[in-house]
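Student: What follows is a structure written as C-alpha cells; I'll ask about it next.
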Amino acid sequence: MLQQLSKMDFSHNKLSGPVAPEISKCKLLTFVDLSRNELSGEIPTEITGLRILNYLNLSRNHLIGALPSSIATMQSLTSVDFSYNNLSGLVPGIGQFSYFNYTSFLGNPQLCGPYLRPCNDGANGNDQTHVKGGLSASLKLLLVIGLLVCSILFAVAAIIKARSLKKARKSRAWKLTAFQRLDFTCDDVLDCLKEDNIIGKGGAGIVYKGLMPNGDQVAVKRLPAMSRGSSHDHGFNAEIQTLGRIRHRHIVRLLGFCSNHETNLLLYEYMPNGSLGEVLHGKKGGHLHWDTRYKIAVEAAKGLCYLHHDCSPLILHRDVKSNNILLDSDYEAHVADFGLAKFLQDSGTSECMSAIAGSYGYIAPEYAYTLKVDEKSDVYSLGVVLLELVSGRKPVGEFGDGVDIVQWVRKTTNSSKEGVLKILDPRLSSVPLHEVMHVFYVAMLCVEEQAVERPTMREVVQILTEVPKPPSSKQQQGDSTITESSPISQPTTLESPRDATTKEPKDQHTPPPDLLSI
C-alpha cells in the first residue's frame, strides 16, 4: 500500500533506531524528510533504489559511518541534507555529489573533502581519491583552457575598444595652429560658437563673433562639413598655411585655425563695421559718403592686386563681392574670405576646377561656357562692386528677371554722361562729378564682355589712384560737383583715365573719346 507513497515527512519527532532499508520499496517517493529525530546507525545503501527521489533530509540525527558512494548515481536527487550527524570519511566528489552544497555536510566533524577539513588517506578512501584525483586533473585542464580562451577573447575585445576610443578621442581632439602669438586656446574659441554670436551665414560657412578672455575680438568662420579626408588633405593644410602667411593692410588677417578630424574653424581679425554690402545696402548706406566709397574702391583693388601679383603662386579669390569686403573701425577696406581660395601653379595656364566660382551677379560671363576662372574673373567681380558703390544698387534683384546690374547700367547710360548721372545713388547729396565718372569708367573696363579686354588688377589700382584733375575754374562754377539740385543736362568733359596712365593729359578743350567706346 505504501508503494504509492510519494512524500514522506517524519521530521521533528523522536524516532529512534536505524533508517529502515525497506524504505527503498516505496519506489514513487520523491520527498523524504527524517530530520530532527534520534535516528542512529548507518545510512542504508538500499536508499539508492529510490530512482525518482528529489529531496532527502537526514539532518540533526545520530547517524554514523560513511556516506554511501552509490548516492552519486541518483540523478534525480537534487537536494540533500546530512548535516549535524556523526558521519565520517570522505565526501565523494563525483556524480550528484558535485552538485550538492557544502552546507549539506556541516556538523559532521569526521567528514572530510571539498570545503571541509582535509582528508587523511585511508584504506576505504583510496579508490575514491584516485577517481577524484583523475577527474580533478581533467577539470583543471578544461578550466585552464577555458580561462585561456576567455583571456584571448577579452584581450581582443579590449584592443578593439581601445582603438575605438582612441579614434573617437582623435576625432574630438582640437588642435590650434597659430600664425602669430595668440593668448587664447581652442576651448576659448569653442565657447564662442553660440547662436547669439552669429554675425553672418553663407555658402562659405557660419561666422561667429568671439570675445577672448584677454579682451581680444576675433571672427570665427566655421567651414561647412566636408567628406572624410577632403578637408584634411595636404592641399587644404597647405592652402591654410599659405593664407596664414599673407600680411597686407587691405586683406583680413588670418590669425590661425582650430581643427579636428571633422571640422575647421578659421580665426580672423574682427572688423567692427561689418561688410561693405551690409553697410551700402542697409540703413547706413546714406552715411557712406562718396569720399569713403572712393577710398574703399581703391583699397579693395589694392588687396586683390596683392593676391594676383605679389603672391607666389598667385591666389584667386573666386568670390569677390561687397559682402566679402570688410570695414574696420575707420571704414578702411579689407578683402576677406579666402577659405575657398584655390592656388594656381605657375604652369602657363590659369585654370582651376569650378567647385565654387563666385556669387550670383558677380560671375564673369565666360564662366558659363568655360567653367573655369582666372584673374580676369576677379577683375569682373570687382567691377560689379564698383558699380554698386556708384549706384547704391544690389547686383541682382532690382532690375527684373534675368537682368543684373551690368546689363542695367549698359542700357541706362547709353554711353552718355546724362545716363551715368541717372544711375548715381540718390542718397549721395554731393559728389565730385569727375571722380564719379572716373570710378564708373574703371568699372566699365572691368566688366568688359571679353576677358582679354579687361585690365589686370595692377592696372585697375593704377587707374583708380590717378584721379583726373577737377575741371578748370571756368567749368568749376557750374558742373564740377553734383548736388541734389544740380541739373543733369549741364555738359562736362572727361579725359580717358587709361590715356592718362600712358601719356601727358590732353588739352582740356580737346573733345574726349566716347566714354564707353574706349
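Residues are referred to by chain and number: the chain letter is A, B, ... according to the order shown in the C-alpha cells, the number counts from 1 in that chain, and ligands are numbered separately from 1 in the order shown.
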Can you pull out the residues contacting region 107-120 of chain A? Cut-off 6 Å, using only C-alpha atoms, and skip same-chain residues under 2 positions away; I want them as a PDB file with N, CA and C atoms, in the first residue's frame.

Tutor:
ATOM      1  N   SER A  83      23.616  17.174   7.412  1.00  0.00           N
ATOM      2  CA  SER A  83      24.314  17.981   8.427  1.00  0.00           C
ATOM      3  C   SER A  83      23.933  17.561   9.846  1.00  0.00           C
ATOM      4  N   TYR A  84      24.906  17.801  10.734  1.00  0.00           N
ATOM      5  CA  TYR A  84      24.740  17.604  12.168  1.00  0.00           C
ATOM      6  C   TYR A  84      24.340  16.156  12.504  1.00  0.00           C
ATOM      7  N   ASN A  85      25.222  15.245  12.038  1.00  0.00           N
ATOM      8  CA  ASN A  85      25.195  13.840  12.421  1.00  0.00           C
ATOM      9  C   ASN A  85      26.594  13.476  12.881  1.00  0.00           C
ATOM     10  N   ASN A  86      26.891  12.184  12.912  1.00  0.00           N
ATOM     11  CA  ASN A  86      28.241  11.719  13.288  1.00  0.00           C
ATOM     12  C   ASN A  86      28.856  10.943  12.138  1.00  0.00           C
ATOM     13  N   LEU A  87      28.589  11.390  10.940  1.00  0.00           N
ATOM     14  CA  LEU A  87      29.120  10.726   9.746  1.00  0.00           C
ATOM     15  C   LEU A  87      30.617  10.943   9.665  1.00  0.00           C
ATOM     16  N   SER A  88      31.322  10.043   8.959  1.00  0.00           N
ATOM     17  CA  SER A  88      32.783  10.124   8.850  1.00  0.00           C
ATOM     18  C   SER A  88      33.207   9.712   7.453  1.00  0.00           C
ATOM     19  N   GLY A  89      34.497   9.945   7.187  1.00  0.00           N
ATOM     20  CA  GLY A  89      35.058   9.554   5.902  1.00  0.00           C
ATOM     21  C   GLY A  89      35.017  10.683   4.863  1.00  0.00           C
ATOM     22  N   LEU A  90      35.290  10.294   3.636  1.00  0.00           N
ATOM     23  CA  LEU A  90      35.412  11.242   2.518  1.00  0.00           C
ATOM     24  C   LEU A  90      34.067  11.489   1.850  1.00  0.00           C
ATOM     25  N   VAL A  91      33.789  12.721   1.640  1.00  0.00           N
ATOM     26  CA  VAL A  91      32.623  13.078   0.838  1.00  0.00           C
ATOM     27  C   VAL A  91      32.993  12.899  -0.629  1.00  0.00           C
TER      28      VAL A  91
END

Student: Could you give me, as a ChimeraX atom specification, the residues within 9 Å of Met212 (chain A), counting only C-alpha atoms and dropping anything in the same chain fewer than 2 positions from it?

Tutor: /A:183-185,188-189,192,210,214-218

Student: Could you save the residues just selected, with N, CA and C atoms, as a short mmCIF file (atom, residue, chain, number, x, y, z; two decimals), in the first residue's frame?

Tutor:
data_model
loop_
_atom_site.label_atom_id
_atom_site.label_comp_id
_atom_site.auth_asym_id
_atom_site.auth_seq_id
_atom_site.Cartn_x
_atom_site.Cartn_y
_atom_site.Cartn_z
N ASP A 183 46.88 84.61 -27.34
CA ASP A 183 46.75 84.41 -25.90
C ASP A 183 45.42 83.75 -25.55
N PHE A 184 45.02 82.77 -26.36
CA PHE A 184 43.81 82.02 -26.06
C PHE A 184 43.94 80.62 -26.65
N THR A 185 43.02 79.75 -26.29
CA THR A 185 43.07 78.35 -26.70
C THR A 185 41.84 77.99 -27.54
N ASP A 188 38.63 78.30 -25.66
CA ASP A 188 38.07 79.66 -25.63
C ASP A 188 37.29 79.94 -26.90
N VAL A 189 37.81 79.44 -28.03
CA VAL A 189 37.13 79.65 -29.31
C VAL A 189 35.81 78.88 -29.34
N CYS A 192 32.68 80.30 -27.93
CA CYS A 192 32.03 81.39 -28.67
C CYS A 192 31.04 80.89 -29.71
N GLY A 210 33.68 86.42 -31.61
CA GLY A 210 34.23 85.81 -30.40
C GLY A 210 34.98 86.81 -29.55
N ASN A 214 41.28 87.46 -22.90
CA ASN A 214 42.18 88.62 -22.77
C ASN A 214 41.59 89.89 -23.35
N GLY A 215 40.33 89.84 -23.81
CA GLY A 215 39.67 91.02 -24.35
C GLY A 215 39.73 91.15 -25.85
N ASP A 216 40.52 90.32 -26.53
CA ASP A 216 40.61 90.38 -27.99
C ASP A 216 39.29 89.92 -28.62
N GLN A 217 38.95 90.57 -29.73
CA GLN A 217 37.79 90.17 -30.51
C GLN A 217 38.25 89.50 -31.80
N VAL A 218 37.66 88.37 -32.12
CA VAL A 218 38.02 87.65 -33.34
C VAL A 218 36.73 87.25 -34.06
#

Student: Using DSSP assignments from the backbone, pull out every residue in region 7-233 of chain A that falls under strand (DSSP E) and give it to me as an MDAnalysis selection string.

Tutor: chainID A and resid 7:9 16:18 31:33 38:42 55:57 62:65 79:81 86:90 110:112 175:178 198:202 205:211 217:222

Student: Find the residues near region 261-266 of chain A: any atom within 6 Å, counting only C-alpha atoms, skip ones fewer than 3 places away on the same chain, and give them as a PyMOL selection string.

Tutor: chain A and resi 171+220-223+257-258

Student: In Å, rounded to a single decimal, give me how far CA of Ser391 (chain A) is from CA of Tyr369 (chain A).

Tutor: 29.1 Å

Student: List as a VMD selection string the protein and nucleic acid residues near Leu276 (chain A), meaning an atom at most 10 Å away when only C-alpha atoms are counted, but skip any in the same chain fewer than 2 places from it.

Tutor: chain A and resid 273 to 274 278 to 282 285 288 293 296 321 to 327 331 333 to 334 385 388 to 389

Student: Go ahead and write the selection's residues with N, CA and C atoms as a PDB file, in the first residue's frame.

Tutor:
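That gives us out-v6.pdb:
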ATOM      1  N   ASN A 273      32.797  97.189 -38.346  1.00  0.00           N
ATOM      2  CA  ASN A 273      31.766  97.803 -39.181  1.00  0.00           C
ATOM      3  C   ASN A 273      31.170  96.843 -40.212  1.00  0.00           C
ATOM      4  N   GLY A 274      31.465  95.558 -40.072  1.00  0.00           N
ATOM      5  CA  GLY A 274      30.839  94.572 -40.943  1.00  0.00           C
ATOM      6  C   GLY A 274      31.310  94.651 -42.380  1.00  0.00           C
ATOM      7  N   GLU A 278      26.617  95.014 -46.401  1.00  0.00           N
ATOM      8  CA  GLU A 278      25.668  95.307 -45.336  1.00  0.00           C
ATOM      9  C   GLU A 278      25.491  96.810 -45.141  1.00  0.00           C
ATOM     10  N   VAL A 279      26.610  97.532 -45.203  1.00  0.00           N
ATOM     11  CA  VAL A 279      26.546  98.976 -44.988  1.00  0.00           C
ATOM     12  C   VAL A 279      25.902  99.669 -46.189  1.00  0.00           C
ATOM     13  N   LEU A 280      26.354  99.327 -47.393  1.00  0.00           N
ATOM     14  CA  LEU A 280      25.906 100.012 -48.600  1.00  0.00           C
ATOM     15  C   LEU A 280      24.426  99.776 -48.875  1.00  0.00           C
ATOM     16  N   HIS A 281      23.970  98.556 -48.641  1.00  0.00           N
ATOM     17  CA  HIS A 281      22.587  98.227 -48.960  1.00  0.00           C
ATOM     18  C   HIS A 281      21.692  98.205 -47.730  1.00  0.00           C
ATOM     19  N   GLY A 282      22.226  98.664 -46.619  1.00  0.00           N
ATOM     20  CA  GLY A 282      21.440  98.722 -45.399  1.00  0.00           C
ATOM     21  C   GLY A 282      21.046 100.148 -45.053  1.00  0.00           C
ATOM     22  N   GLY A 285      23.581 103.073 -45.500  1.00  0.00           N
ATOM     23  CA  GLY A 285      24.121 103.398 -46.821  1.00  0.00           C
ATOM     24  C   GLY A 285      24.191 104.883 -47.082  1.00  0.00           C
ATOM     25  N   LEU A 288      27.357 106.555 -45.959  1.00  0.00           N
ATOM     26  CA  LEU A 288      28.604 106.188 -46.623  1.00  0.00           C
ATOM     27  C   LEU A 288      28.858 107.208 -47.732  1.00  0.00           C
ATOM     28  N   ARG A 293      33.491 105.962 -50.145  1.00  0.00           N
ATOM     29  CA  ARG A 293      33.275 104.946 -51.173  1.00  0.00           C
ATOM     30  C   ARG A 293      34.474 104.863 -52.110  1.00  0.00           C
ATOM     31  N   ILE A 296      37.301 103.109 -50.380  1.00  0.00           N
ATOM     32  CA  ILE A 296      37.054 101.672 -50.293  1.00  0.00           C
ATOM     33  C   ILE A 296      37.355 100.982 -51.618  1.00  0.00           C
ATOM     34  N   LYS A 321      32.981  90.018 -53.806  1.00  0.00           N
ATOM     35  CA  LYS A 321      31.661  90.646 -53.724  1.00  0.00           C
ATOM     36  C   LYS A 321      31.676  91.636 -52.572  1.00  0.00           C
ATOM     37  N   SER A 322      30.659  92.480 -52.521  1.00  0.00           N
ATOM     38  CA  SER A 322      30.645  93.519 -51.494  1.00  0.00           C
ATOM     39  C   SER A 322      30.554  92.925 -50.090  1.00  0.00           C
ATOM     40  N   ASN A 323      29.971  91.747 -49.954  1.00  0.00           N
ATOM     41  CA  ASN A 323      29.887  91.111 -48.638  1.00  0.00           C
ATOM     42  C   ASN A 323      31.212  90.511 -48.188  1.00  0.00           C
ATOM     43  N   ASN A 324      32.167  90.400 -49.099  1.00  0.00           N
ATOM     44  CA  ASN A 324      33.489  89.904 -48.747  1.00  0.00           C
ATOM     45  C   ASN A 324      34.523  91.024 -48.676  1.00  0.00           C
ATOM     46  N   ILE A 325      34.054  92.263 -48.612  1.00  0.00           N
ATOM     47  CA  ILE A 325      34.927  93.411 -48.359  1.00  0.00           C
ATOM     48  C   ILE A 325      34.514  93.965 -47.006  1.00  0.00           C
ATOM     49  N   LEU A 326      35.342  93.758 -46.003  1.00  0.00           N
ATOM     50  CA  LEU A 326      35.001  94.125 -44.635  1.00  0.00           C
ATOM     51  C   LEU A 326      35.599  95.476 -44.270  1.00  0.00           C
ATOM     52  N   LEU A 327      34.947  96.155 -43.332  1.00  0.00           N
ATOM     53  CA  LEU A 327      35.328  97.517 -42.954  1.00  0.00           C
ATOM     54  C   LEU A 327      35.706  97.558 -41.483  1.00  0.00           C
ATOM     55  N   TYR A 331      36.479 102.517 -41.303  1.00  0.00           N
ATOM     56  CA  TYR A 331      35.910 102.244 -42.625  1.00  0.00           C
ATOM     57  C   TYR A 331      36.999 102.000 -43.672  1.00  0.00           C
ATOM     58  N   ALA A 333      38.973  99.393 -45.974  1.00  0.00           N
ATOM     59  CA  ALA A 333      38.533  98.137 -46.589  1.00  0.00           C
ATOM     60  C   ALA A 333      39.567  97.037 -46.417  1.00  0.00           C
ATOM     61  N   HIS A 334      39.061  95.813 -46.185  1.00  0.00           N
ATOM     62  CA  HIS A 334      39.897  94.616 -46.077  1.00  0.00           C
ATOM     63  C   HIS A 334      39.203  93.488 -46.829  1.00  0.00           C
ATOM     64  N   VAL A 385      31.365  95.384 -58.020  1.00  0.00           N
ATOM     65  CA  VAL A 385      31.405  96.087 -56.732  1.00  0.00           C
ATOM     66  C   VAL A 385      31.518  97.597 -56.952  1.00  0.00           C
ATOM     67  N   GLU A 388      28.243  98.946 -57.744  1.00  0.00           N
ATOM     68  CA  GLU A 388      27.447  99.040 -56.509  1.00  0.00           C
ATOM     69  C   GLU A 388      27.769 100.327 -55.762  1.00  0.00           C
ATOM     70  N   LEU A 389      29.057 100.684 -55.705  1.00  0.00           N
ATOM     71  CA  LEU A 389      29.460 101.890 -54.991  1.00  0.00           C
ATOM     72  C   LEU A 389      28.898 103.143 -55.656  1.00  0.00           C
TER      73      LEU A 389
END

Student: Applying 10 Å and only C-alpha atoms, which residues near Trp408 (chain A) remain after dropping the ones on its own chain fewer than 6 positions away? List them as a PyMOL selection string.

Tutor: chain A and resi 395-396+398-400+423

Student: Could you give me, as a PyMOL selection string, the residues within 10 Å of region 6-18 of chain A, counting only C-alpha atoms and dropping anything in the same chain fewer than 6 positions from it?

Tutor: chain A and resi 26-44+52-53+55-63

Student: Which one is closest to Gly303 (chain A): A:Ile405, A:Leu50, A:Val320, A:Val335? Count only C-alpha atoms.

Tutor: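 That would be A:Val335, the residue with the smallest distance to Gly303 (chain A).
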